[in-house]
Amino acid sequence: MASCGGGVGACHQSHCQRSEEDGGAEEEAREMASVSVDSCAAGGGDLVRCPKCGEEAAAKGGPRVLNGMCPSCFHAHLFGKFKLAVTTNAMISPTDKVLVAFSGGPASRVALQFIHEMQCKSLESWDASKSQALPVFSVGVVFIDESIISVNPSNDINKTIEEIRPIVSPLSPPHKDLHVATIENICSMNCNDGKTKLKKLLDSVPDATGKEDLLEYLRMHLLQKIALDNGYNKLVLGSCTSTLACHVISATAKGQGYSLPADVQYVDARWEVPVVLPLHDCVTEELKMLCHLDGMETLQLLKKPSNSINSLISSFISHLRDENPSRERTIVRTAEKLKPFGFNKFVEDKYHEFLPSRLRCKFQNTSNSESALAEVFCPLCGSPLSEPELQSVSDIQEKSHTAVEVFTAHCCESCSFQILPKEPVSLQQFYSILPQPMTRRVTGSTLDHSMLRELIGDCLLVDDYDNDGT
Ligand SMILES: [Zn+2]
Ligand SMILES: [Zn+2]
C-alpha cells in the first residue's frame, strides 16, 4: 500500500474507475501519496505540463497538486469524485429540496460549492431542453451557531449571519435560502431558556466524550428539525473520508461496532430527512487544498481543547496521515466491508422514474422483505439496537415502568455508559430537560412494540452471525 507515487505521474484517471477491489485501493494509495509530494515540489523551477490538460504551469511558484495537475484540473478531479458519489448512489433526484449543512469548515464549504455547480448544470440543461420535463432540484443552506460552547462565546446571532451571508449569497442564481439557528434552539426556541437548558443538559454529563457526543446528536436532531420545518427532503453533510476514518476508530473504541456499518455509507435514510454524504471519497487535505486554490472562504472555528476519545483519535489519525496519506482511505474501505443496514439505501418511490434505468437498482424495492424490516433506534445517537439491547427493551415492556425507565432501556449500551447519568436523581433531571425530538422517538416506537419485536427477532437471528465480532 505504501508504494511511492513518484513514478505514476501520467496515471491520473483512477478516480473514474472507482474499483471496489483492492486494486482500486492501491491506485488511490499511489494517488494520495502524491498529493503531498507534488504540492511540496510546487516551487520547482522546471516547466511541467499538467498531465490532464497539457497546459504549462508557470515555471516558478505555479501551484501543483495531485500528480502534477493544474488547479482547474484538480477542481474538476474532485468535482468528478463528488458527482460520481451523487449519481451512483442516487443521492439527489430532480424534484428534491436539498438542505446543505454548512459548518464553515473546508469540507462543507466544498460540498456547498459542488452542489451549487451541479444545480447550475441541471438548470442549464433544463433551459436547453425543449420539453423541460425534468425539474431542477432546489437548495437551501443551514448554519448552526455553536458559539455558546466555543472558547469565546458570542451572544450576537446577527454577527454570525453577517459572516455567513457573503459566502452563500454569491452562490446564486439559483437562489438559496439561508437558515441560521443556534444549537440551544434544539432545547427551546426562546434564546435564554434554550441556553439554560442546554448548559444544564451538558453539565449533567460528566464524561468529556459523552458531552461531545451528546452535542453532536443534538446538532443532528436540530438539523432534522430545520429540514422538516422548511420542507427539505435531503440533508447533505460535509463528512469526508477523514472524518469517517476518525469515526470508524472512535466508534470501535466506544463499543459501537454493531451500528458502525450504518455510519460509513453514502446514504443514511434512518432519519426522517435522509442524510447523504457526497464527499465520502474525498480527504480533508484535498478539500483544504481546493478551498485554498479556488479562494473559497471558510470560517475560523475555535474548538475548545479536549481530552475526549474523539480528540485523541483525531490526533492519532493525523499522525497516521503524516506517515502515509492513504491510511484514512484504507480505514474507511475496511469498515465498508461490514454489511450495511437496509436504511443505507433509498426506498424506491415515485421519483425513481426520473432516473436512468441503470441507477434504479440503487433504490430498494419496497416489496423486498429486507426493507420491510423495521429497526429500533437509540433515541440519543440514532444507532440501530443490537439483539441484546432489544432484549432489554422487551424486558422493560413487560414490567410496570416509568417514562425514564423506558427511555433508558431504549438507549444503546454505548450511550448508557458514556452519556446517561448514573444517579437516579440526575437521570430524572437529564430526562426532563432532553429535547422533545429525542424523547418522542421512544414513545413512538413503544406503541407497536410487540409486533416490532417479533418482526425484528426473526430477522436478527440471521443477521447476528454476519455482524458478530464487529
Ligand atoms: Zn490541467
Ligand atoms: Zn446511543
# chains A, B, ... in the order shown; residues from 1 in each chain; ligands from 1
$ closest_atom_pairs --of "chain A" --to "ligand 1" --cutoff "8 Å" --atoms "only C-alpha atoms and all ligand atoms" --output "tab-separated table"
residue	atom	partner	partner_atom_place_in_ligand_line	distance
A:Arg49	CA	ligand 1	1 (Zn)	7.8
A:Cys50	CA	ligand 1	1 (Zn)	4.6
A:Pro51	CA	ligand 1	1 (Zn)	6.6
A:Lys52	CA	ligand 1	1 (Zn)	4.9
A:Cys53	CA	ligand 1	1 (Zn)	4.1
A:Gly54	CA	ligand 1	1 (Zn)	6.1
A:Glu55	CA	ligand 1	1 (Zn)	5.8
A:Met69	CA	ligand 1	1 (Zn)	5.2
A:Cys70	CA	ligand 1	1 (Zn)	4.2
A:Pro71	CA	ligand 1	1 (Zn)	6.8
A:Ser72	CA	ligand 1	1 (Zn)	5.9
A:Cys73	CA	ligand 1	1 (Zn)	4.3
A:Phe74	CA	ligand 1	1 (Zn)	7.3
$ residues_near_ligand --ligand "ligand 2" --cutoff "9 Å" --atoms "only C-alpha atoms and all ligand atoms" --output "JSON, numbers by chain"
{"A": [256, 377, 378, 379, 380, 381, 382, 383, 384, 385, 410, 411, 412, 413, 414, 415, 416, 419]}
$ atom_distance --atom1 "atom CA of Ala107 of chain A" --atom2 "atom CA of Trp126 of chain A"
28.4 Å
$ closest_atom_pairs --of "segment 197-248 of chain A" --to "segment 264-267 of chain A" --cutoff "10 Å" --atoms "only C-alpha atoms" --output "tab-separated table"
residue	atom	partner	partner_atom	distance
A:Val236	CA	A:Val267	CA	9.8
A:Ser239	CA	A:Val264	CA	9.6
A:Cys240	CA	A:Val264	CA	9.8
A:Thr241	CA	A:Val264	CA	9.1
A:Thr243	CA	A:Val264	CA	9.9
A:Leu244	CA	A:Val264	CA	6.3
A:Ala245	CA	A:Val264	CA	8.7
A:His247	CA	A:Val264	CA	8.4
A:Val248	CA	A:Val264	CA	7.8
$ write_last_selection --atoms "N, CA and C atoms" --output "PDB file, in the first residue's frame"
ATOM      1  N   VAL A 236     -27.594  17.231   3.215  1.00  0.00           N
ATOM      2  CA  VAL A 236     -26.226  16.969   2.750  1.00  0.00           C
ATOM      3  C   VAL A 236     -25.237  17.335   3.858  1.00  0.00           C
ATOM      4  N   SER A 239     -19.340  15.348   5.678  1.00  0.00           N
ATOM      5  CA  SER A 239     -18.450  14.281   6.186  1.00  0.00           C
ATOM      6  C   SER A 239     -17.632  13.710   5.044  1.00  0.00           C
ATOM      7  N   CYS A 240     -16.306  13.634   5.232  1.00  0.00           N
ATOM      8  CA  CYS A 240     -15.441  13.136   4.176  1.00  0.00           C
ATOM      9  C   CYS A 240     -14.675  11.916   4.682  1.00  0.00           C
ATOM     10  N   THR A 241     -13.822  11.359   3.847  1.00  0.00           N
ATOM     11  CA  THR A 241     -13.069  10.153   4.231  1.00  0.00           C
ATOM     12  C   THR A 241     -12.374  10.340   5.584  1.00  0.00           C
ATOM     13  N   THR A 243     -13.086  12.370   8.179  1.00  0.00           N
ATOM     14  CA  THR A 243     -13.977  12.352   9.344  1.00  0.00           C
ATOM     15  C   THR A 243     -14.539  10.951   9.568  1.00  0.00           C
ATOM     16  N   LEU A 244     -14.798  10.243   8.462  1.00  0.00           N
ATOM     17  CA  LEU A 244     -15.318   8.881   8.592  1.00  0.00           C
ATOM     18  C   LEU A 244     -14.268   7.966   9.216  1.00  0.00           C
ATOM     19  N   ALA A 245     -12.986   8.156   8.826  1.00  0.00           N
ATOM     20  CA  ALA A 245     -11.913   7.329   9.393  1.00  0.00           C
ATOM     21  C   ALA A 245     -11.837   7.533  10.904  1.00  0.00           C
ATOM     22  N   HIS A 247     -14.273   8.455  12.771  1.00  0.00           N
ATOM     23  CA  HIS A 247     -15.473   7.851  13.348  1.00  0.00           C
ATOM     24  C   HIS A 247     -15.332   6.331  13.471  1.00  0.00           C
ATOM     25  N   VAL A 248     -14.718   5.703  12.470  1.00  0.00           N
ATOM     26  CA  VAL A 248     -14.564   4.242  12.495  1.00  0.00           C
ATOM     27  C   VAL A 248     -13.777   3.826  13.742  1.00  0.00           C
TER      28      VAL A 248
END
$ select_by_dssp --residues "segment 93-232 of chain A" --states "strand (DSSP E)" --output "list in words"
Lys97, Val98, Leu99, Val100, Ala101, Ser138, Val139, Gly140, Val141, Val142, Phe143, Ile144, Asp145, Asp177, Leu178, His179, Val180, Ala181 and Thr182 of chain A
$ closest_residue --among "A:Ala262, A:Ala403, A:Ile317, A:Leu301" --to "Pro340 of chain A" --atoms "only C-alpha atoms"
A:Ala262
$ closest_residue --among "A:Arg329, A:Lys97, A:Lys159, A:Arg440" --to "Asp177 of chain A" --atoms "only C-alpha atoms"
A:Lys97
$ select_by_dssp --residues "segment 253-452 of chain A" --states "helix (DSSP H, G or I)" --output "PyMOL selection string"
chain A and resi 253+260-263+284-294+309-323+327-336+342-344+350-354+357-360+369-372+387-398+403-410+413-418+424-433+436-446+449-452
$ residues_around --residues "segment 201-214 of chain A" --least-positions-apart "5" --cutoff "7 Å" --atoms "only C-alpha atoms" --output "NGL selection string"
:A and (307-310 or 418-421 or 426 or 430 or 433)
$ decode --residues "segment 278-320 of chain A" --atoms "N, CA and C atoms" --output "PDB file, in the first residue's frame"
ATOM      1  N   PRO A 278     -21.969  13.149   0.043  1.00  0.00           N
ATOM      2  CA  PRO A 278     -21.341  13.141  -1.284  1.00  0.00           C
ATOM      3  C   PRO A 278     -19.822  13.292  -1.257  1.00  0.00           C
ATOM      4  N   LEU A 279     -19.250  13.744  -0.121  1.00  0.00           N
ATOM      5  CA  LEU A 279     -17.785  13.887  -0.058  1.00  0.00           C
ATOM      6  C   LEU A 279     -17.131  12.653   0.553  1.00  0.00           C
ATOM      7  N   HIS A 280     -17.891  11.582   0.616  1.00  0.00           N
ATOM      8  CA  HIS A 280     -17.449  10.308   1.189  1.00  0.00           C
ATOM      9  C   HIS A 280     -16.047   9.908   0.719  1.00  0.00           C
ATOM     10  N   ASP A 281     -15.698  10.201  -0.533  1.00  0.00           N
ATOM     11  CA  ASP A 281     -14.435   9.715  -1.096  1.00  0.00           C
ATOM     12  C   ASP A 281     -13.339  10.768  -1.180  1.00  0.00           C
ATOM     13  N   CYS A 282     -13.558  11.921  -0.545  1.00  0.00           N
ATOM     14  CA  CYS A 282     -12.513  12.960  -0.570  1.00  0.00           C
ATOM     15  C   CYS A 282     -11.889  13.057   0.820  1.00  0.00           C
ATOM     16  N   VAL A 283     -10.605  13.354   0.893  1.00  0.00           N
ATOM     17  CA  VAL A 283      -9.967  13.521   2.205  1.00  0.00           C
ATOM     18  C   VAL A 283      -9.809  15.003   2.535  1.00  0.00           C
ATOM     19  N   THR A 284      -9.717  15.302   3.817  1.00  0.00           N
ATOM     20  CA  THR A 284      -9.645  16.689   4.276  1.00  0.00           C
ATOM     21  C   THR A 284      -8.546  17.484   3.581  1.00  0.00           C
ATOM     22  N   GLU A 285      -7.376  16.843   3.416  1.00  0.00           N
ATOM     23  CA  GLU A 285      -6.260  17.565   2.818  1.00  0.00           C
ATOM     24  C   GLU A 285      -6.611  18.079   1.416  1.00  0.00           C
ATOM     25  N   GLU A 286      -7.294  17.233   0.644  1.00  0.00           N
ATOM     26  CA  GLU A 286      -7.696  17.641  -0.715  1.00  0.00           C
ATOM     27  C   GLU A 286      -8.679  18.815  -0.649  1.00  0.00           C
ATOM     28  N   LEU A 287      -9.628  18.718   0.302  1.00  0.00           N
ATOM     29  CA  LEU A 287     -10.671  19.736   0.383  1.00  0.00           C
ATOM     30  C   LEU A 287     -10.089  21.078   0.831  1.00  0.00           C
ATOM     31  N   LYS A 288      -9.152  21.004   1.781  1.00  0.00           N
ATOM     32  CA  LYS A 288      -8.472  22.235   2.228  1.00  0.00           C
ATOM     33  C   LYS A 288      -7.719  22.855   1.065  1.00  0.00           C
ATOM     34  N   MET A 289      -7.031  21.992   0.319  1.00  0.00           N
ATOM     35  CA  MET A 289      -6.243  22.452  -0.828  1.00  0.00           C
ATOM     36  C   MET A 289      -7.140  23.138  -1.849  1.00  0.00           C
ATOM     37  N   LEU A 290      -8.315  22.553  -2.104  1.00  0.00           N
ATOM     38  CA  LEU A 290      -9.226  23.136  -3.090  1.00  0.00           C
ATOM     39  C   LEU A 290      -9.725  24.506  -2.629  1.00  0.00           C
ATOM     40  N   CYS A 291     -10.074  24.608  -1.333  1.00  0.00           N
ATOM     41  CA  CYS A 291     -10.526  25.896  -0.803  1.00  0.00           C
ATOM     42  C   CYS A 291      -9.432  26.939  -0.986  1.00  0.00           C
ATOM     43  N   HIS A 292      -8.205  26.525  -0.726  1.00  0.00           N
ATOM     44  CA  HIS A 292      -7.075  27.438  -0.849  1.00  0.00           C
ATOM     45  C   HIS A 292      -6.888  27.874  -2.316  1.00  0.00           C
ATOM     46  N   LEU A 293      -6.884  26.897  -3.228  1.00  0.00           N
ATOM     47  CA  LEU A 293      -6.620  27.206  -4.637  1.00  0.00           C
ATOM     48  C   LEU A 293      -7.736  28.038  -5.259  1.00  0.00           C
ATOM     49  N   ASP A 294      -8.990  27.712  -4.912  1.00  0.00           N
ATOM     50  CA  ASP A 294     -10.121  28.399  -5.519  1.00  0.00           C
ATOM     51  C   ASP A 294     -10.542  29.648  -4.736  1.00  0.00           C
ATOM     52  N   GLY A 295      -9.828  29.912  -3.656  1.00  0.00           N
ATOM     53  CA  GLY A 295     -10.166  31.080  -2.841  1.00  0.00           C
ATOM     54  C   GLY A 295     -11.548  31.006  -2.228  1.00  0.00           C
ATOM     55  N   MET A 296     -11.959  29.811  -1.816  1.00  0.00           N
ATOM     56  CA  MET A 296     -13.274  29.679  -1.163  1.00  0.00           C
ATOM     57  C   MET A 296     -13.117  30.075   0.294  1.00  0.00           C
ATOM     58  N   GLU A 297     -14.007  30.952   0.733  1.00  0.00           N
ATOM     59  CA  GLU A 297     -13.911  31.430   2.106  1.00  0.00           C
ATOM     60  C   GLU A 297     -14.420  30.393   3.092  1.00  0.00           C
ATOM     61  N   THR A 298     -13.676  30.219   4.175  1.00  0.00           N
ATOM     62  CA  THR A 298     -14.157  29.360   5.254  1.00  0.00           C
ATOM     63  C   THR A 298     -14.130  30.172   6.545  1.00  0.00           C
ATOM     64  N   LEU A 299     -14.751  29.632   7.578  1.00  0.00           N
ATOM     65  CA  LEU A 299     -14.767  30.336   8.857  1.00  0.00           C
ATOM     66  C   LEU A 299     -13.730  29.728   9.787  1.00  0.00           C
ATOM     67  N   GLN A 300     -13.122  30.571  10.598  1.00  0.00           N
ATOM     68  CA  GLN A 300     -12.186  30.070  11.604  1.00  0.00           C
ATOM     69  C   GLN A 300     -12.995  29.566  12.786  1.00  0.00           C
ATOM     70  N   LEU A 301     -12.966  28.274  13.013  1.00  0.00           N
ATOM     71  CA  LEU A 301     -13.741  27.740  14.124  1.00  0.00           C
ATOM     72  C   LEU A 301     -12.785  27.408  15.268  1.00  0.00           C
ATOM     73  N   LEU A 302     -13.017  28.053  16.393  1.00  0.00           N
ATOM     74  CA  LEU A 302     -12.140  27.811  17.536  1.00  0.00           C
ATOM     75  C   LEU A 302     -12.733  26.693  18.376  1.00  0.00           C
ATOM     76  N   LYS A 303     -12.025  25.595  18.420  1.00  0.00           N
ATOM     77  CA  LYS A 303     -12.512  24.465  19.215  1.00  0.00           C
ATOM     78  C   LYS A 303     -11.839  24.481  20.568  1.00  0.00           C
ATOM     79  N   LYS A 304     -12.626  24.148  21.568  1.00  0.00           N
ATOM     80  CA  LYS A 304     -12.055  24.044  22.906  1.00  0.00           C
ATOM     81  C   LYS A 304     -11.121  22.843  22.956  1.00  0.00           C
ATOM     82  N   PRO A 305      -9.956  22.994  23.598  1.00  0.00           N
ATOM     83  CA  PRO A 305      -9.104  21.808  23.743  1.00  0.00           C
ATOM     84  C   PRO A 305      -9.835  20.766  24.588  1.00  0.00           C
ATOM     85  N   SER A 306      -9.692  19.495  24.228  1.00  0.00           N
ATOM     86  CA  SER A 306     -10.442  18.476  24.950  1.00  0.00           C
ATOM     87  C   SER A 306      -9.618  17.207  25.081  1.00  0.00           C
ATOM     88  N   ASN A 307      -9.920  16.432  26.099  1.00  0.00           N
ATOM     89  CA  ASN A 307      -9.192  15.173  26.280  1.00  0.00           C
ATOM     90  C   ASN A 307     -10.128  13.986  26.049  1.00  0.00           C
ATOM     91  N   SER A 308     -11.098  14.177  25.147  1.00  0.00           N
ATOM     92  CA  SER A 308     -12.065  13.120  24.878  1.00  0.00           C
ATOM     93  C   SER A 308     -11.449  12.047  23.982  1.00  0.00           C
ATOM     94  N   ILE A 309     -12.127  10.913  23.910  1.00  0.00           N
ATOM     95  CA  ILE A 309     -11.705   9.840  22.990  1.00  0.00           C
ATOM     96  C   ILE A 309     -11.648  10.404  21.567  1.00  0.00           C
ATOM     97  N   ASN A 310     -12.628  11.232  21.225  1.00  0.00           N
ATOM     98  CA  ASN A 310     -12.695  11.802  19.873  1.00  0.00           C
ATOM     99  C   ASN A 310     -11.437  12.609  19.524  1.00  0.00           C
ATOM    100  N   SER A 311     -10.981  13.446  20.462  1.00  0.00           N
ATOM    101  CA  SER A 311      -9.796  14.261  20.183  1.00  0.00           C
ATOM    102  C   SER A 311      -8.553  13.387  20.090  1.00  0.00           C
ATOM    103  N   LEU A 312      -8.465  12.400  20.999  1.00  0.00           N
ATOM    104  CA  LEU A 312      -7.306  11.510  20.963  1.00  0.00           C
ATOM    105  C   LEU A 312      -7.217  10.812  19.621  1.00  0.00           C
ATOM    106  N   ILE A 313      -8.380  10.334  19.154  1.00  0.00           N
ATOM    107  CA  ILE A 313      -8.378   9.574  17.912  1.00  0.00           C
ATOM    108  C   ILE A 313      -8.114  10.484  16.725  1.00  0.00           C
ATOM    109  N   SER A 314      -8.623  11.699  16.798  1.00  0.00           N
ATOM    110  CA  SER A 314      -8.378  12.616  15.698  1.00  0.00           C
ATOM    111  C   SER A 314      -6.878  12.932  15.581  1.00  0.00           C
ATOM    112  N   SER A 315      -6.163  13.041  16.718  1.00  0.00           N
ATOM    113  CA  SER A 315      -4.717  13.287  16.578  1.00  0.00           C
ATOM    114  C   SER A 315      -3.976  12.014  16.184  1.00  0.00           C
ATOM    115  N   PHE A 316      -4.507  10.874  16.611  1.00  0.00           N
ATOM    116  CA  PHE A 316      -3.917   9.594  16.187  1.00  0.00           C
ATOM    117  C   PHE A 316      -4.012   9.448  14.668  1.00  0.00           C
ATOM    118  N   ILE A 317      -5.196   9.760  14.130  1.00  0.00           N
ATOM    119  CA  ILE A 317      -5.408   9.646  12.685  1.00  0.00           C
ATOM    120  C   ILE A 317      -4.502  10.632  11.937  1.00  0.00           C
ATOM    121  N   SER A 318      -4.311  11.817  12.516  1.00  0.00           N
ATOM    122  CA  SER A 318      -3.486  12.778  11.777  1.00  0.00           C
ATOM    123  C   SER A 318      -2.013  12.336  11.791  1.00  0.00           C
ATOM    124  N   HIS A 319      -1.592  11.603  12.833  1.00  0.00           N
ATOM    125  CA  HIS A 319      -0.248  11.009  12.814  1.00  0.00           C
ATOM    126  C   HIS A 319      -0.138   9.964  11.710  1.00  0.00           C
ATOM    127  N   LEU A 320      -1.177   9.124  11.622  1.00  0.00           N
ATOM    128  CA  LEU A 320      -1.188   8.101  10.579  1.00  0.00           C
ATOM    129  C   LEU A 320      -1.094   8.737   9.202  1.00  0.00           C
TER     130      LEU A 320
END
